[in-house]
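Written out below as structure tokens is the structure these notes cover.
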Amino acid sequence: MKTLSYFIILSAILISSTSFAQQITKAEVQVNGLTCSMCSRATETSLKSLGFIDSVTPDLNRNVFVLAFKKDQPVDMDQIRDKVQDAGFSIGDLSATMNFSNTTVDAEGIAKADGNVYQFTNAKSKTLDGPVTAKVLDKDFISAAAFKKRAAELKSPAYLTGKGVVGGKETRIFHLSI
Amino acid sequence: MKYFLITAALLLSTGLFTQAQELYVFTEPASNMAAKSIGVRVTNEGIFKGNKMNRTIPEVMLSFNKNLMTHVQGFFSDMDGKYRLEGGSIYAKYRFMSVDGTQRHLRAAAFGRLSTSKRPVYTEDINLEGDNSGIQGGIVVTQLLHKLALSGTVAYNKAFVSDSRKIPGMLQADQLISYSLSSGYLVLPVVYKNYNQPNFNVYFEMLGKTNPENGHTYVDFAPAVQTIINSRTRIDLGYRFQVAGDMPGRYNRNMYLIRAEFNFFNVLK
């Protein structure tokens, strides 16, 4: 009986500790509108204020910031967008490396992982496993012109607002291309 | 002839280095500081009018969010004898348009200023950074194209002229239209390696004012150089001189400027 209770406690610990596994491990953010190092430094300082960011490595010539994330905290991509905008600039491209573990993309191209809902524009009815590099296509994650073009192609209300009803609840939906 | 040669040399030099940035020395760009940041500036103006006079301008800049920022300035000078505090100014700028591309952007902002000064009014050339009490409102548009930045400003200036500060016999005017065209080019570094590389920028600005009541106009040329150290500290050195037109009694027709600016990013809560 004692053994059994230890087993239950141990499995409870294991289950709870695996319930959050960092899924987004890395992101490459290309920032538009930047050319001076003072502007880059301001952007980097703004990004570093986010608790889930572990490190920021800038490539000053390409205006790209490589973000590494802390293992134990969920990554909020909308906050990354807000911090770049706070510095006075905007995201031109955000490519995230996501670690999937047998995640199902349904026939509509929707996948759920770690509390986030992803709508894939170029994948459906498949299983994702292991690291996948995905480009975020939502508004303010690509240039305004690119967003307009995508919106005309996709003709989806969820794409325009970045939100949709999932399981009866209004939910943030990230649109991804892999 | 002298001005022609200086102008030609300036145009040639800006043509040679075809690079610049938008941290203008004599005007402000449409872009704002990063949100929740503080900047501290100290500017010294050396004014040559008969004898040499000095004005010192301490300044604090605060950015509340990505679109709204403000500057608070104090003015100290020896222009009326003893070196003293002569006034202050509050300036606010709201960015209402921002179109970004890869290494380029187009921004537009509206700004306003409220100034006070104890100085007597000697000239119709309204200068709300020290010489006059008054208000200003205007629009600035800035286009950045990789290393070259171009900017244009138009503003309306209204001076508050109290009778006690009027100098008898002087031409009095209480409004001016001011306008400017500014260009800047990033000369160094040619290739960025890290934040500690000093930046070197060159600027050429054209600053004009017109009195709508009598048509009196002047245009100044204002070349400047700038270095940015550690991507945080900025040092400016500029000179402005009149090339066309005139307004009787104006103070800054022949003026140098030296400035240090320190930035503290993302420090406001």
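Chain labels follow the order of the structure tokens: the first chain is A, the next B, and so on; residue numbering restarts at 1 in every chain, and ligands are counted from 1 in their shown order.
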Among segment 9-80 of chain A, which residues carry a DSSP assignment of helix (DSSP H, G or I), reported as a PyMOL selection string?
chain A and resi 9-19+37-48+77-80
What parts of segment 6-97 of chain A does DSSP call strand (DSSP E or B)? I'd like the answer as a PyMOL selection string.
chain A and resi 24-32+53-59+64-69+90-97
Restricting the output to N, CA and C atoms, write the selected residues as a PDB file, in the first residue's frame.
ATOM      1  N   ILE A  24       8.431  26.214 -27.954  1.00  0.00           N
ATOM      2  CA  ILE A  24       9.145  27.122 -28.840  1.00  0.00           C
ATOM      3  C   ILE A  24      10.534  27.301 -28.248  1.00  0.00           C
ATOM      4  N   THR A  25      11.536  26.856 -28.943  1.00  0.00           N
ATOM      5  CA  THR A  25      12.875  26.869 -28.356  1.00  0.00           C
ATOM      6  C   THR A  25      13.684  28.074 -28.813  1.00  0.00           C
ATOM      7  N   LYS A  26      13.377  28.575 -30.011  1.00  0.00           N
ATOM      8  CA  LYS A  26      14.218  29.622 -30.581  1.00  0.00           C
ATOM      9  C   LYS A  26      13.381  30.428 -31.569  1.00  0.00           C
ATOM     10  N   ALA A  27      13.706  31.686 -31.734  1.00  0.00           N
ATOM     11  CA  ALA A  27      13.027  32.459 -32.777  1.00  0.00           C
ATOM     12  C   ALA A  27      14.022  33.416 -33.409  1.00  0.00           C
ATOM     13  N   GLU A  28      13.899  33.579 -34.701  1.00  0.00           N
ATOM     14  CA  GLU A  28      14.699  34.570 -35.405  1.00  0.00           C
ATOM     15  C   GLU A  28      13.765  35.681 -35.828  1.00  0.00           C
ATOM     16  N   VAL A  29      14.018  36.878 -35.291  1.00  0.00           N
ATOM     17  CA  VAL A  29      13.125  38.003 -35.567  1.00  0.00           C
ATOM     18  C   VAL A  29      13.864  39.012 -36.426  1.00  0.00           C
ATOM     19  N   GLN A  30      13.325  39.269 -37.594  1.00  0.00           N
ATOM     20  CA  GLN A  30      13.905  40.314 -38.433  1.00  0.00           C
ATOM     21  C   GLN A  30      13.072  41.576 -38.229  1.00  0.00           C
ATOM     22  N   VAL A  31      13.748  42.660 -37.839  1.00  0.00           N
ATOM     23  CA  VAL A  31      13.031  43.878 -37.480  1.00  0.00           C
ATOM     24  C   VAL A  31      13.137  44.895 -38.618  1.00  0.00           C
ATOM     25  N   ASN A  32      12.005  45.423 -39.011  1.00  0.00           N
ATOM     26  CA  ASN A  32      11.967  46.399 -40.099  1.00  0.00           C
ATOM     27  C   ASN A  32      12.098  47.817 -39.579  1.00  0.00           C
ATOM     28  N   ILE A  53      12.371  35.354 -22.071  1.00  0.00           N
ATOM     29  CA  ILE A  53      13.517  35.365 -22.994  1.00  0.00           C
ATOM     30  C   ILE A  53      14.802  35.116 -22.212  1.00  0.00           C
ATOM     31  N   ASP A  54      15.568  34.151 -22.688  1.00  0.00           N
ATOM     32  CA  ASP A  54      16.813  33.793 -22.023  1.00  0.00           C
ATOM     33  C   ASP A  54      17.954  34.655 -22.564  1.00  0.00           C
ATOM     34  N   SER A  55      18.054  34.761 -23.879  1.00  0.00           N
ATOM     35  CA  SER A  55      19.117  35.594 -24.453  1.00  0.00           C
ATOM     36  C   SER A  55      18.690  36.168 -25.795  1.00  0.00           C
ATOM     37  N   VAL A  56      19.313  37.297 -26.144  1.00  0.00           N
ATOM     38  CA  VAL A  56      19.059  37.963 -27.423  1.00  0.00           C
ATOM     39  C   VAL A  56      20.408  38.137 -28.110  1.00  0.00           C
ATOM     40  N   THR A  57      20.530  37.585 -29.303  1.00  0.00           N
ATOM     41  CA  THR A  57      21.788  37.737 -30.041  1.00  0.00           C
ATOM     42  C   THR A  57      21.503  38.529 -31.316  1.00  0.00           C
ATOM     43  N   PRO A  58      22.040  39.750 -31.429  1.00  0.00           N
ATOM     44  CA  PRO A  58      21.722  40.549 -32.613  1.00  0.00           C
ATOM     45  C   PRO A  58      22.679  40.300 -33.779  1.00  0.00           C
ATOM     46  N   ASP A  59      22.134  40.389 -34.971  1.00  0.00           N
ATOM     47  CA  ASP A  59      22.967  40.471 -36.170  1.00  0.00           C
ATOM     48  C   ASP A  59      22.693  41.869 -36.719  1.00  0.00           C
ATOM     49  N   VAL A  64      18.568  41.326 -37.538  1.00  0.00           N
ATOM     50  CA  VAL A  64      17.933  40.109 -37.050  1.00  0.00           C
ATOM     51  C   VAL A  64      18.347  39.908 -35.593  1.00  0.00           C
ATOM     52  N   PHE A  65      17.368  39.518 -34.759  1.00  0.00           N
ATOM     53  CA  PHE A  65      17.659  39.177 -33.369  1.00  0.00           C
ATOM     54  C   PHE A  65      17.313  37.703 -33.191  1.00  0.00           C
ATOM     55  N   VAL A  66      18.278  36.923 -32.726  1.00  0.00           N
ATOM     56  CA  VAL A  66      18.003  35.514 -32.447  1.00  0.00           C
ATOM     57  C   VAL A  66      17.651  35.402 -30.971  1.00  0.00           C
ATOM     58  N   LEU A  67      16.443  34.936 -30.690  1.00  0.00           N
ATOM     59  CA  LEU A  67      15.952  34.842 -29.312  1.00  0.00           C
ATOM     60  C   LEU A  67      16.021  33.397 -28.841  1.00  0.00           C
ATOM     61  N   ALA A  68      16.604  33.216 -27.656  1.00  0.00           N
ATOM     62  CA  ALA A  68      16.559  31.902 -27.009  1.00  0.00           C
ATOM     63  C   ALA A  68      15.630  32.044 -25.813  1.00  0.00           C
ATOM     64  N   PHE A  69      14.830  30.994 -25.556  1.00  0.00           N
ATOM     65  CA  PHE A  69      13.796  31.088 -24.523  1.00  0.00           C
ATOM     66  C   PHE A  69      14.120  30.227 -23.314  1.00  0.00           C
ATOM     67  N   SER A  90       9.016  47.467 -36.302  1.00  0.00           N
ATOM     68  CA  SER A  90       8.021  46.425 -36.500  1.00  0.00           C
ATOM     69  C   SER A  90       8.700  45.154 -36.996  1.00  0.00           C
ATOM     70  N   ILE A  91       8.014  44.046 -36.794  1.00  0.00           N
ATOM     71  CA  ILE A  91       8.574  42.753 -37.212  1.00  0.00           C
ATOM     72  C   ILE A  91       8.360  42.568 -38.709  1.00  0.00           C
ATOM     73  N   GLY A  92       9.427  42.203 -39.422  1.00  0.00           N
ATOM     74  CA  GLY A  92       9.312  41.903 -40.852  1.00  0.00           C
ATOM     75  C   GLY A  92       9.188  40.411 -41.075  1.00  0.00           C
ATOM     76  N   ASP A  93       9.758  39.638 -40.148  1.00  0.00           N
ATOM     77  CA  ASP A  93       9.733  38.182 -40.274  1.00  0.00           C
ATOM     78  C   ASP A  93      10.023  37.574 -38.907  1.00  0.00           C
ATOM     79  N   LEU A  94       9.199  36.603 -38.499  1.00  0.00           N
ATOM     80  CA  LEU A  94       9.496  35.870 -37.265  1.00  0.00           C
ATOM     81  C   LEU A  94       9.422  34.383 -37.579  1.00  0.00           C
ATOM     82  N   SER A  95      10.564  33.721 -37.500  1.00  0.00           N
ATOM     83  CA  SER A  95      10.613  32.279 -37.726  1.00  0.00           C
ATOM     84  C   SER A  95      10.940  31.599 -36.417  1.00  0.00           C
ATOM     85  N   ALA A  96      10.022  30.756 -35.953  1.00  0.00           N
ATOM     86  CA  ALA A  96      10.176  30.105 -34.652  1.00  0.00           C
ATOM     87  C   ALA A  96      10.508  28.636 -34.845  1.00  0.00           C
ATOM     88  N   THR A  97      11.423  28.142 -34.030  1.00  0.00           N
ATOM     89  CA  THR A  97      11.701  26.703 -34.023  1.00  0.00           C
ATOM     90  C   THR A  97      10.838  26.097 -32.934  1.00  0.00           C
TER      91      THR A  97
END
Any idea what the distance is between atom CA of Gly88 of chain B and atom CA of Val72 of chain B?
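Atom-to-atom, atom CA of Gly88 of chain B to atom CA of Val72 of chain B, that is 7.5 Å.
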Starting from chain B, keep only residues with some atom at most 6 Å from an atom of chain A, counting only C-alpha atoms, and report them as a list of chain:residue names.
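In the required form, that comes to B:Ala34, B:Ala35, B:Lys66, B:Asp100, B:Gly101, B:Thr102, B:Gln103, B:Arg104, B:His105, B:Tyr192, B:Ser231, B:Phe265.
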Which residues are close to Lys158 of chain B, i.e. within 10 Å by only C-alpha atoms, leaving aside same-chain residues fewer than 6 positions away? Reply as a compact mmCIF listing (two decimals) with C-alpha atoms, in the first residue's frame.
# COMPACT_ATOMS: atom_id res chain seq x y z
CA LEU B 114 5.05 75.77 -24.96
CA ILE B 126 10.87 84.09 -32.77
CA ASN B 127 13.08 81.51 -31.07
CA LEU B 128 11.10 79.40 -28.62
CA ASN B 132 10.68 84.08 -26.59
CA SER B 133 7.64 83.00 -24.66
CA GLY B 134 5.12 81.39 -26.96
CA ILE B 135 3.64 78.31 -28.54
CA GLN B 136 4.48 76.25 -31.59
CA GLY B 137 2.68 73.53 -33.51
CA ALA B 173 5.99 90.57 -34.69
CA ASP B 174 4.29 87.78 -32.89
CA GLN B 175 4.03 85.02 -35.44
CA LEU B 176 6.31 83.09 -37.79
CA ILE B 177 6.17 80.12 -40.10
